Each structure stands twice: as structure tokens, then as C-alpha cells.
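Source file: my_file21.txt (compact mmCIF, C-alpha atoms and all ligand atoms)
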```txt
# COMPACT_ATOMS: atom_id res chain seq x y z
CA MET A 1 110.17 106.67 100.21
CA LEU A 2 108.87 103.15 100.18
CA ASP A 3 110.42 102.32 103.54
CA ASP A 4 108.01 104.79 105.15
CA TYR A 5 105.35 102.13 104.62
CA LYS A 6 107.26 99.29 106.18
CA ASP A 7 105.09 99.24 109.29
CA THR A 8 101.74 100.57 108.16
CA GLN A 9 101.47 98.61 104.91
CA LYS A 10 103.41 95.50 105.80
CA THR A 11 101.93 93.28 103.14
CA ALA A 12 101.97 95.72 100.22
CA TYR A 13 105.45 96.87 101.24
CA GLY A 14 106.61 93.29 101.63
CA ILE A 15 105.41 92.26 98.19
CA LEU A 16 106.96 95.22 96.41
CA SER A 17 110.27 95.38 98.25
CA ASN A 18 110.57 91.65 97.71
CA ALA A 19 110.05 92.20 93.98
CA ILE A 20 112.66 94.99 93.92
CA ASN A 21 115.24 93.02 95.85
CA ASN A 22 114.81 89.96 93.67
CA ASN A 23 114.52 92.01 90.52
CA ARG A 24 111.21 90.43 89.63
CA ILE A 25 109.24 93.42 88.52
CA SER A 26 105.93 93.06 86.69
CA HIS A 27 105.31 95.37 83.78
CA ALA A 28 102.00 96.58 85.17
CA TYR A 29 100.74 97.24 88.68
CA LEU A 30 97.34 98.27 89.90
CA ILE A 31 97.48 99.90 93.30
CA GLU A 32 94.14 99.90 95.05
CA THR A 33 94.17 102.56 97.73
CA LEU A 34 90.83 101.80 99.42
CA GLY A 35 90.43 105.32 100.68
CA ASN A 36 93.95 105.45 102.05
CA LYS A 37 94.89 109.11 101.81
CA ARG A 38 98.53 108.36 101.11
CA GLY A 39 97.75 105.94 98.30
CA PHE A 40 99.24 108.05 95.55
CA ASP A 41 102.32 108.80 97.59
CA PHE A 42 102.73 105.06 98.06
CA ALA A 43 102.63 104.57 94.27
CA LEU A 44 105.12 107.37 93.75
CA SER A 45 107.47 105.97 96.37
CA PHE A 46 107.35 102.63 94.64
CA ALA A 47 108.16 104.31 91.31
CA LYS A 48 111.08 106.12 92.93
CA ALA A 49 112.46 102.92 94.35
CA LEU A 50 112.26 101.37 90.89
CA LEU A 51 113.95 104.31 89.20
CA CYS A 52 116.73 104.92 91.69
CA PRO A 53 119.83 103.35 90.16
CA GLU A 54 120.85 102.29 93.64
CA GLY A 55 117.65 100.25 93.76
CA LYS A 56 116.92 101.56 97.20
CA THR A 57 113.58 101.39 98.95
CA ASN A 58 114.80 104.12 101.31
CA ASN A 59 115.79 106.53 98.57
CA LYS A 60 114.94 109.62 100.58
CA ASN A 61 118.52 109.32 101.70
CA CYS A 62 119.88 108.68 98.27
CA PHE A 63 121.82 111.94 98.09
CA ASN A 64 124.22 110.67 95.50
CA CYS A 65 121.69 110.03 92.87
CA ASN A 66 120.51 112.50 90.29
CA GLN A 67 117.41 110.57 89.43
CA CYS A 68 115.97 110.82 92.92
CA LYS A 69 116.63 114.56 93.07
CA LEU A 70 115.02 115.11 89.68
CA ILE A 71 112.00 113.04 90.64
CA ASP A 72 111.55 115.11 93.79
CA ASP A 73 111.65 118.26 91.65
CA ASN A 74 109.10 116.77 89.29
CA ASN A 75 111.63 117.00 86.54
CA TYR A 76 112.60 113.49 85.65
CA ILE A 77 111.85 112.64 82.03
CA GLU A 78 111.50 108.91 82.54
CA LEU A 79 108.57 109.32 84.91
CA GLU A 80 105.24 110.54 83.66
CA ILE A 81 102.19 111.10 85.81
CA VAL A 82 98.85 111.17 84.06
CA GLU A 83 96.21 113.03 85.98
CA THR A 84 92.58 113.03 85.07
CA ASN A 85 91.34 115.51 87.65
CA ASP A 86 88.31 113.31 88.16
CA LEU A 87 87.34 113.61 84.50
CA TRP A 88 87.52 110.77 82.03
CA LEU A 89 90.94 110.06 80.64
CA LYS A 90 91.19 111.67 77.22
CA LYS A 91 92.41 110.18 74.00
CA GLU A 92 95.12 112.85 73.97
CA ASN A 93 96.45 111.48 77.27
CA ILE A 94 96.87 108.02 75.83
CA ASP A 95 98.31 109.36 72.56
CA LYS A 96 100.90 111.30 74.49
CA LEU A 97 101.75 108.27 76.60
CA GLN A 98 102.17 106.16 73.51
CA LYS A 99 104.42 108.74 71.97
CA ASP A 100 106.56 109.14 75.09
CA PHE A 101 106.73 105.45 75.90
CA ASN A 102 107.31 104.15 72.45
CA PHE A 103 110.99 103.66 73.07
CA LYS A 104 113.23 102.28 75.76
CA PRO A 105 114.47 104.41 78.65
CA ILE A 106 117.31 106.75 77.80
CA VAL A 107 118.64 107.91 81.14
CA GLY A 108 118.13 104.96 83.47
CA ARG A 109 117.16 101.37 83.04
CA ARG A 110 113.47 101.93 83.62
CA LYS A 111 110.75 104.23 82.51
CA ILE A 112 107.48 104.53 84.40
CA TYR A 113 104.09 106.04 83.89
CA ILE A 114 101.55 106.39 86.67
CA ILE A 115 97.88 106.82 85.87
CA LYS A 116 96.05 108.42 88.74
CA ASN A 117 92.34 107.52 88.96
CA ALA A 118 92.68 104.61 86.59
CA ASP A 119 88.96 104.02 87.00
CA LYS A 120 88.44 107.02 84.75
CA ILE A 121 89.27 105.06 81.63
CA ARG A 122 86.39 104.47 79.25
CA GLU A 123 85.97 101.13 77.60
CA SER A 124 86.50 102.72 74.20
CA LEU A 125 89.98 103.85 75.20
CA ALA A 126 90.82 100.79 77.23
CA ASN A 127 91.70 98.67 74.20
CA THR A 128 94.40 101.07 73.09
CA LEU A 129 95.76 101.17 76.59
CA LEU A 130 95.62 97.40 77.00
CA LYS A 131 97.81 96.70 74.04
CA PHE A 132 100.18 99.24 75.44
CA ILE A 133 100.20 97.68 78.91
CA GLU A 134 100.56 94.21 77.53
CA GLU A 135 103.44 94.63 75.11
CA PRO A 136 105.64 97.36 76.49
CA GLU A 137 109.15 98.13 75.40
CA GLU A 138 111.77 96.70 77.69
CA GLY A 139 112.07 98.56 80.99
CA ILE A 140 108.69 100.24 80.80
CA ILE A 141 106.42 99.88 83.79
CA ALA A 142 102.82 100.98 84.24
CA ILE A 143 101.45 101.86 87.67
CA LEU A 144 97.71 102.40 87.76
CA VAL A 145 96.16 103.86 90.87
CA THR A 146 92.54 103.57 91.87
CA ASP A 147 90.54 104.01 94.99
CA ASN A 148 88.55 100.88 94.37
CA LYS A 149 89.37 97.99 92.09
CA SER A 150 85.72 97.18 91.47
CA LYS A 151 85.44 100.36 89.40
CA ILE A 152 88.12 99.19 86.98
CA LEU A 153 87.47 97.30 83.77
CA GLU A 154 88.05 93.60 84.19
CA THR A 155 90.27 93.48 81.11
CA ILE A 156 92.64 95.97 82.72
CA ILE A 157 92.72 94.24 86.09
CA SER A 158 93.67 90.93 84.52
CA ARG A 159 96.82 92.47 83.02
CA CYS A 160 98.09 93.96 86.26
CA GLN A 161 99.52 92.74 89.50
CA VAL A 162 97.06 94.08 92.03
CA ILE A 163 98.38 95.54 95.27
CA SER A 164 95.74 96.50 97.83
CA LEU A 165 96.65 98.96 100.51
CA LYS A 166 95.26 98.61 103.95
CA ASN A 167 92.96 101.38 104.98
CA LEU A 168 93.46 101.72 108.69
CA ASN A 169 89.70 102.06 109.13
CA SER A 170 88.68 99.01 107.18
CA SER A 171 91.30 96.46 108.01
CA PHE A 172 91.06 92.77 107.40
CA ILE A 173 90.00 92.00 110.92
CA LEU A 174 87.25 89.46 111.18
CA ASP A 175 84.01 90.67 112.68
CA ARG A 176 83.06 87.78 114.96
CA GLU A 177 79.44 88.83 115.11
CA LYS A 178 78.95 88.38 111.40
CA TYR A 179 80.72 85.06 111.06
CA SER A 180 79.69 81.98 112.99
CA ASP A 181 82.39 79.66 114.29
CA GLU A 182 80.85 76.90 112.23
CA LEU A 183 81.17 78.88 109.02
CA ILE A 184 84.77 79.81 109.79
CA ASN A 185 85.71 76.25 110.73
CA ASN A 186 84.18 74.67 107.69
CA THR A 187 85.44 77.20 105.20
CA ILE A 188 89.00 76.92 106.42
CA LYS A 189 88.76 73.16 106.53
CA PHE A 190 87.71 73.29 102.90
CA ILE A 191 90.70 75.44 101.95
CA ASN A 192 93.13 73.34 103.94
CA TYR A 193 91.69 70.29 102.25
CA TYR A 194 92.25 71.87 98.88
CA GLU A 195 95.85 72.77 99.66
CA GLN A 196 96.53 69.14 100.46
CA ASN A 197 94.38 67.27 98.00
CA LYS A 198 93.97 69.72 95.13
CA LEU A 199 91.46 68.62 92.44
CA GLU A 200 90.09 65.80 94.56
CA THR A 201 88.35 68.55 96.52
CA ILE A 202 85.70 68.73 93.80
CA VAL A 203 84.56 65.19 94.52
CA TYR A 204 83.87 66.08 98.14
CA SER A 205 82.66 69.62 97.67
CA ASN A 206 79.19 68.78 98.98
CA SER A 207 80.33 67.33 102.26
CA LEU A 208 83.20 69.81 102.56
CA PHE A 209 81.39 72.95 101.58
CA HIS A 210 77.90 73.11 100.10
CA ASN A 211 76.20 71.21 102.91
CA TYR A 212 77.14 73.97 105.34
CA MET A 213 75.81 76.82 103.24
CA ASN A 214 72.26 77.97 103.83
CA ASP A 215 71.97 80.71 101.26
CA ARG A 216 73.90 82.99 98.93
CA ASN A 217 74.86 85.22 101.79
CA ASP A 218 76.71 82.32 103.42
CA TYR A 219 78.68 81.88 100.21
CA LEU A 220 79.61 85.56 100.24
CA LEU A 221 80.76 85.30 103.85
CA ALA A 222 82.68 82.11 103.09
CA PHE A 223 84.49 83.85 100.23
CA ASN A 224 85.38 86.67 102.61
CA ILE A 225 86.81 84.10 105.00
CA ILE A 226 88.87 82.59 102.17
CA LEU A 227 90.20 86.06 101.34
CA MET A 228 91.07 86.77 104.95
CA TYR A 229 92.69 83.38 105.33
CA TYR A 230 95.07 83.79 102.40
CA ASN A 231 95.68 87.35 103.46
CA ASP A 232 96.60 85.99 106.87
CA ILE A 233 99.14 83.69 105.27
CA LEU A 234 100.64 86.66 103.42
CA ASN A 235 100.83 88.57 106.67
CA TYR A 236 102.52 85.64 108.29
CA LYS A 237 105.09 85.54 105.52
CA PHE A 238 105.93 89.22 105.86
CA ASP A 239 105.18 89.94 109.44
CA GLY A 240 105.46 86.61 111.22
CA LYS A 241 101.96 87.12 112.59
CA PHE A 242 98.48 85.93 111.76
CA ILE A 243 95.67 88.45 112.06
CA ASN A 244 92.68 86.18 112.44
CA PHE A 245 93.30 82.50 112.00
CA GLU A 246 96.35 81.46 113.94
CA ASN A 247 94.45 78.56 115.48
CA TYR A 248 93.32 77.23 112.15
CA ILE A 249 96.67 76.51 110.61
CA GLU A 250 97.09 72.77 110.69
CA ASP A 251 100.25 72.37 108.76
CA TYR A 252 102.80 75.15 108.54
CA SER A 253 104.91 73.39 105.97
CA LEU A 254 101.93 73.58 103.64
CA ILE A 255 101.79 77.32 104.02
CA SER A 256 105.47 77.94 103.68
CA LYS A 257 105.36 76.09 100.39
CA LEU A 258 102.99 78.68 98.91
CA SER A 259 104.83 81.45 97.15
CA ILE A 260 103.80 85.07 97.47
CA GLU A 261 102.87 85.13 93.80
CA ASN A 262 100.75 82.04 94.24
CA ILE A 263 98.82 83.60 97.12
CA LEU A 264 98.34 86.90 95.29
CA LYS A 265 96.94 85.13 92.27
CA LYS A 266 94.56 83.14 94.44
CA LEU A 267 93.40 86.30 96.20
CA ASN A 268 92.66 87.99 92.89
CA LEU A 269 90.81 84.93 91.71
CA VAL A 270 88.61 84.77 94.80
CA ILE A 271 87.79 88.47 94.45
CA ASP A 272 86.70 87.91 90.84
CA LEU A 273 84.64 84.83 91.59
CA LYS A 274 83.01 86.44 94.60
CA LYS A 275 81.41 89.05 92.34
CA LYS A 276 79.63 86.24 90.52
CA ILE A 277 77.81 85.04 93.64
CA LEU A 278 75.43 87.97 93.39
CA ASN A 279 74.83 87.33 89.69
CA ASN A 280 72.78 84.20 90.27
CA VAL A 281 75.41 81.81 89.00
CA ASN A 282 75.16 78.14 89.78
CA LEU A 283 77.01 77.88 93.08
CA ASN A 284 78.09 74.28 92.58
CA LEU A 285 79.78 75.24 89.35
CA LEU A 286 81.30 78.29 90.99
CA ILE A 287 83.05 76.21 93.64
CA ASP A 288 84.22 73.73 91.01
CA LYS A 289 85.62 76.65 89.08
CA LEU A 290 87.37 77.96 92.19
CA VAL A 291 89.09 74.62 92.72
CA ILE A 292 90.03 74.22 89.06
CA CYS A 293 91.44 77.74 88.85
CA PHE A 294 93.38 77.30 92.11
CA LYS A 295 94.93 74.21 90.62
CA LYS A 296 95.83 76.16 87.48
CA VAL A 297 97.47 78.80 89.64
CA ASP A 298 99.41 76.03 91.40
CA ASN A 299 100.54 74.75 88.01
CA ASN A 300 101.46 78.25 86.88
CA ASP A 301 98.83 78.09 84.16
CA LEU A 302 96.44 80.83 83.24
CA CYS A 303 92.90 80.54 84.41
ZN ZN A 401 118.44 107.45 94.08
```
Please, can you express the file's structure as C-alpha cells?
Ligand SMILES: [Zn+2]
Amino acid sequence: MLDDYKDTQKTAYGILSNAINNNRISHAYLIETLGNKRGFDFALSFAKALLCPEGKTNNKNCFNCNQCKLIDDNNYIELEIVETNDLWLKKENIDKLQKDFNFKPIVGRRKIYIIKNADKIRESLANTLLKFIEEPEEGIIAILVTDNKSKILETIISRCQVISLKNLNSSFILDREKYSDELINNTIKFINYYEQNKLETIVYSNSLFHNYMNDRNDYLLAFNIILMYYNDILNYKFDGKFINFENYIEDYSLISKLSIENILKKLNLVIDLKKKILNNVNLNLLIDKLVICFKKVDNNDLC
């Protein structure tokens, strides 16, 4: 049950239980397990919580509900698990999904399919799947599971809400030997400046950011710091604790203003832009793009 993850996956649990309690469910999720051995179980627990008519995140104890019993017996018709057994997903798999998910749920109010190893989807099949993910019948939810998001086609990622699990070995803890205090200070100052002054940040991006960067590697590290910083804010929202940057928060009211969705979108954006650093892009333009896209996120626009 989802509540099993309350302590070990505070952020992922927080985001999803928050969505369930407020009935704000996306129609597609991508769960990145990052080598976490219980990643699939996490996805299944989430599906169960969504399907249980009681809407419970602790539905192990939902003895009154048929759905939960049927799911446990692998017998519930509104839940389909697509396994690829490490091979590429076949056209038959998608055809079957389309056939089964072509209509609204019959038994409950939701119908879910989980694709295990979603990285095993070839580009040629992805288009069929995308249309399917994008325009589902009411009540249909896709949960894609992958070990590593970087193996997934960009077009798929952009349609899903990405939930990254914490691998207990590779947590988000900052390695102080790799990151100088100067780099941390300046990067966070830059982000804090953005959160207060928005687009104006572009005008000062040299003095706020570029002047402190020596090479591409510094940009990569700075992007990691940005990721950890927003992740810290998420942790604070769910757990009341910062992992790395407690001393860097200047204005708490600024942080509390940021919604969970806003932070998640920014995190996904930074992950996408970070990949471009290694592709020889113009770094000035990249930072401009970061600021512009952040602003779009703040305005609820697409970037
Ligand atoms: Zn139940």
C-alpha cells in the first residue's frame, strides 16, 4: 500500500497522496525508480490507491472493498500490467491496450494500465502510444515505470508527470568535496533572485551567474545545485526539513508561495536543459531559456 512509502519516499509519497486527497490526478505518470528495488511495487501501490473506491492510500486494510481484493489476486479487469520482459514492447501489446482501454471504466471510476520498463518502447511505436496517452477516455490513467528517465523518449516524458523515487544509495545529499561554497552561494543567489525578480534576471545574468562559471563542468554542477535546491523546497513542504540548503533560504514566504506542481515542472525543466550543456549549446542562451521557461511555468504556460 502507498502508505508503506510514507517515510522512505517522503517526496514521491507526498506528491501522490496529495494528488489523491485533492482529486487532482494526471492522466499519465512516469515513475523513475533509479534502481530502487521496490519501484514497481510503489507504482502498483499507487494504482491500488487510485482504484480503491474508498480512495485510501492505506488500502492494505481495506477489507470491505472488492476491488482491492481482486487487485491482490491479480484479477481486476480495470488494471492491466504490460510486461516486456526486457524485450522491446511489441505492437501487439499496444494494440491490446488500445482495445482494452478504448472505453470508460465499467466497474469503478478509474481504469489503469502500467507499463513496466517503459524505456523498451521503440520510436516507431511511440507515436501510437502518445496519442493514446494524450487523449484518453475519461478515468483512464497511464503509469509508466522506468529505471532511468534518460532512457525514455523525450516525447513521452513531456506528456507525463514525472515522479522520481529516491534510491537510498544515491540520495540527493550534496557532496561538499565536489561543490565549492562559492559555486553553491552564487547559484542559489541566482535562483533566489529569479524567484523575486523573474524575467529581469536575464538582464543581470552575467553578474549573477556567468561570471562565476569557469567551464562547462561548472554549469553542470550549478544545474545540479538548482535541482537539489528545488528538491529541498519540496522536501520542506512535505517533511518540514531541508536536506542541504537550510541556511540559504532568505525568504520563506517566497518558498511557501511555490506550489508543488510549480516546483515539479521546474525540476523537469532543469533536467531537460541540463542535458543540453554537454551538447555544446550556447550557454548564455541556455540560461536565458531557463529563465524564460521558469517564467512560463510561473504563468502556467507551456514551455
Ligand atoms: Zn479498497
Around ligand ZN 401 (chain A), at most 9 Å away and counting only C-alpha atoms and all ligand atoms, which residues are there? Put them as an NGL selection string, please. :A and (48-49 or 51-56 or 58-69)
Identify which of the residues A:Tyr76, A:Ile114, A:Asn22, A:Leu125 lies closest to Trp88 of chain A, counting all atoms listed in the file when measuring atom-to-atom distances. A:Leu125
Within 12 Å of Asn211 of chain A using all atoms listed in the file, minus same-chain residues under 6 positions, as a ChimeraX atom specification: /A:182-183,186-187,190,204-205,218-219,283-284
Kindly provide, as JSON, the centre and edge lengths (Å, one decimal) of an axis-aligned box around all atoms of segment 76-87 of chain A given in the file, with 8 Å on each side.
```
{"center_x": 100.0, "center_y": 112.2, "center_z": 85.1, "size_x": 41.3, "size_y": 22.6, "size_z": 22.1}
```
Might you pull out every residue within 9 Å of Asn224 of chain A, with only C-alpha atoms counted and same-chain residues fewer than 3 positions away left off, and present them as a list of chain:residue names?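 Contacts, in chain order: A:Tyr219, A:Leu220, A:Leu221, A:Leu227, A:Met228, A:Tyr229, A:Val270, A:Ile271, A:Lys274.
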For Gln161 of chain A, the nearest of the candidates A:Thr11, A:Asn21, A:Asn299, A:Ser26, counting only C-alpha atoms: A:Ser26
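The space separating atom CA of Gly39 of chain A from atom CA of Ser158 of chain A comes to 20.8 Å.
Computed from the coordinates, the atom CA of Leu165 of chain A to atom CA of Tyr248 of chain A distance equals 24.9 Å.
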Within 10 Å of Val297 of chain A, counting all atoms listed in the file, which residues show up once you throw out same-chain ones fewer than 4 positions away? Write them as a count of residues only, please. 13
Please work out which residues fall within 12 Å of (83.6, 100.7, 83.9), coordinates as given in the file, with all atoms listed in the file counting, and return them as a PyMOL selection string. chain A and resi 88+118-126+148-157
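Using all atoms listed in the file, the contacts of Arg109 of chain A at a cut-off of 10 Å, with sequence neighbours closer than 3 positions omitted, comprise Leu50, Leu51, Cys52, Pro53, Glu78, Lys104, Pro105, Ile106, Glu138, Gly139 and Ile140 of chain A.
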If I take atom CA of Ser45 of chain A and atom CA of Leu2 of chain A, how far is one from the other in Å, to one decimal?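 Straight-line distance from atom CA of Ser45 of chain A to atom CA of Leu2 of chain A works out to 4.9 Å.
Closest to Asn244 of chain A among A:Ile173, A:Ile77, A:Ile143, A:Leu273 is A:Ile173, based on all atoms listed in the file.
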Considering all atoms listed in the file, can you say which of A:Asn300, A:Asn206, A:Ile249, A:Leu258 comes closest to Ile287 of chain A?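 That would be A:Asn206, the residue with the smallest distance to Ile287 of chain A.
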Tell me which of A:Phe42, A:Phe223, A:Tyr29, A:Phe101 sits closest to Leu144 of chain A, counting only C-alpha atoms.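 Selected residue with least distance to Leu144 of chain A: A:Tyr29.
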From A:Ser164, A:Ser180, A:Asn102, A:Asn247, residue lying nearest Asn231 of chain A [all atoms listed in the file]: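 So, comparing all the options, the nearest one is A:Ser164.
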Can you list, as a ChimeraX atom specification, every protein, DNA or RNA residue that comes within 12 Å of segment 237-240 of chain A when you count all atoms listed in the file, leaving out same-chain residues fewer than 3 positions away? /A:6-18,230-234,243,246,252,255-261,263
Could you complete segment 128-143 of chain A so that it carries N, CA and C atoms, and give it back as a PDB file, keeping the file's coordinate frame?
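This went into selection.pdb:
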```
ATOM      1  N   THR A 128      93.122 100.482  73.484  1.00  0.00           N
ATOM      2  CA  THR A 128      94.400 101.070  73.090  1.00  0.00           C
ATOM      3  C   THR A 128      95.387 100.933  74.239  1.00  0.00           C
ATOM      4  N   LEU A 129      94.890 101.219  75.420  1.00  0.00           N
ATOM      5  CA  LEU A 129      95.760 101.170  76.590  1.00  0.00           C
ATOM      6  C   LEU A 129      96.215  99.735  76.885  1.00  0.00           C
ATOM      7  N   LEU A 130      95.304  98.787  76.681  1.00  0.00           N
ATOM      8  CA  LEU A 130      95.620  97.400  77.000  1.00  0.00           C
ATOM      9  C   LEU A 130      96.789  96.872  76.192  1.00  0.00           C
ATOM     10  N   LYS A 131      96.757  97.168  74.914  1.00  0.00           N
ATOM     11  CA  LYS A 131      97.810  96.700  74.040  1.00  0.00           C
ATOM     12  C   LYS A 131      99.153  97.279  74.521  1.00  0.00           C
ATOM     13  N   PHE A 132      99.036  98.494  74.951  1.00  0.00           N
ATOM     14  CA  PHE A 132     100.180  99.240  75.440  1.00  0.00           C
ATOM     15  C   PHE A 132     100.722  98.630  76.752  1.00  0.00           C
ATOM     16  N   ILE A 133      99.794  98.283  77.628  1.00  0.00           N
ATOM     17  CA  ILE A 133     100.200  97.680  78.910  1.00  0.00           C
ATOM     18  C   ILE A 133     100.801  96.300  78.666  1.00  0.00           C
ATOM     19  N   GLU A 134     100.209  95.605  77.715  1.00  0.00           N
ATOM     20  CA  GLU A 134     100.560  94.210  77.530  1.00  0.00           C
ATOM     21  C   GLU A 134     101.908  93.993  76.834  1.00  0.00           C
ATOM     22  N   GLU A 135     102.200  94.845  75.877  1.00  0.00           N
ATOM     23  CA  GLU A 135     103.440  94.630  75.110  1.00  0.00           C
ATOM     24  C   GLU A 135     104.339  95.856  75.197  1.00  0.00           C
ATOM     25  N   PRO A 136     104.821  96.156  76.371  1.00  0.00           N
ATOM     26  CA  PRO A 136     105.640  97.360  76.490  1.00  0.00           C
ATOM     27  C   PRO A 136     107.061  97.120  75.986  1.00  0.00           C
ATOM     28  N   GLU A 137     107.721  98.215  75.679  1.00  0.00           N
ATOM     29  CA  GLU A 137     109.150  98.130  75.400  1.00  0.00           C
ATOM     30  C   GLU A 137     109.845  97.693  76.688  1.00  0.00           C
ATOM     31  N   GLU A 138     111.022  97.164  76.526  1.00  0.00           N
ATOM     32  CA  GLU A 138     111.770  96.700  77.690  1.00  0.00           C
ATOM     33  C   GLU A 138     111.983  97.846  78.689  1.00  0.00           C
ATOM     34  N   GLY A 139     111.795  97.560  79.962  1.00  0.00           N
ATOM     35  CA  GLY A 139     112.070  98.560  80.990  1.00  0.00           C
ATOM     36  C   GLY A 139     110.926  99.519  81.270  1.00  0.00           C
ATOM     37  N   ILE A 140     109.823  99.336  80.572  1.00  0.00           N
ATOM     38  CA  ILE A 140     108.690 100.240  80.800  1.00  0.00           C
ATOM     39  C   ILE A 140     107.687  99.617  81.768  1.00  0.00           C
ATOM     40  N   ILE A 141     107.317 100.403  82.753  1.00  0.00           N
ATOM     41  CA  ILE A 141     106.420  99.880  83.790  1.00  0.00           C
ATOM     42  C   ILE A 141     105.226 100.807  83.959  1.00  0.00           C
ATOM     43  N   ALA A 142     104.051 100.205  84.021  1.00  0.00           N
ATOM     44  CA  ALA A 142     102.820 100.980  84.240  1.00  0.00           C
ATOM     45  C   ALA A 142     102.386 100.821  85.693  1.00  0.00           C
ATOM     46  N   ILE A 143     102.044 101.935  86.323  1.00  0.00           N
ATOM     47  CA  ILE A 143     101.450 101.860  87.670  1.00  0.00           C
ATOM     48  C   ILE A 143     100.101 102.558  87.597  1.00  0.00           C
TER      49      ILE A 143
END
```
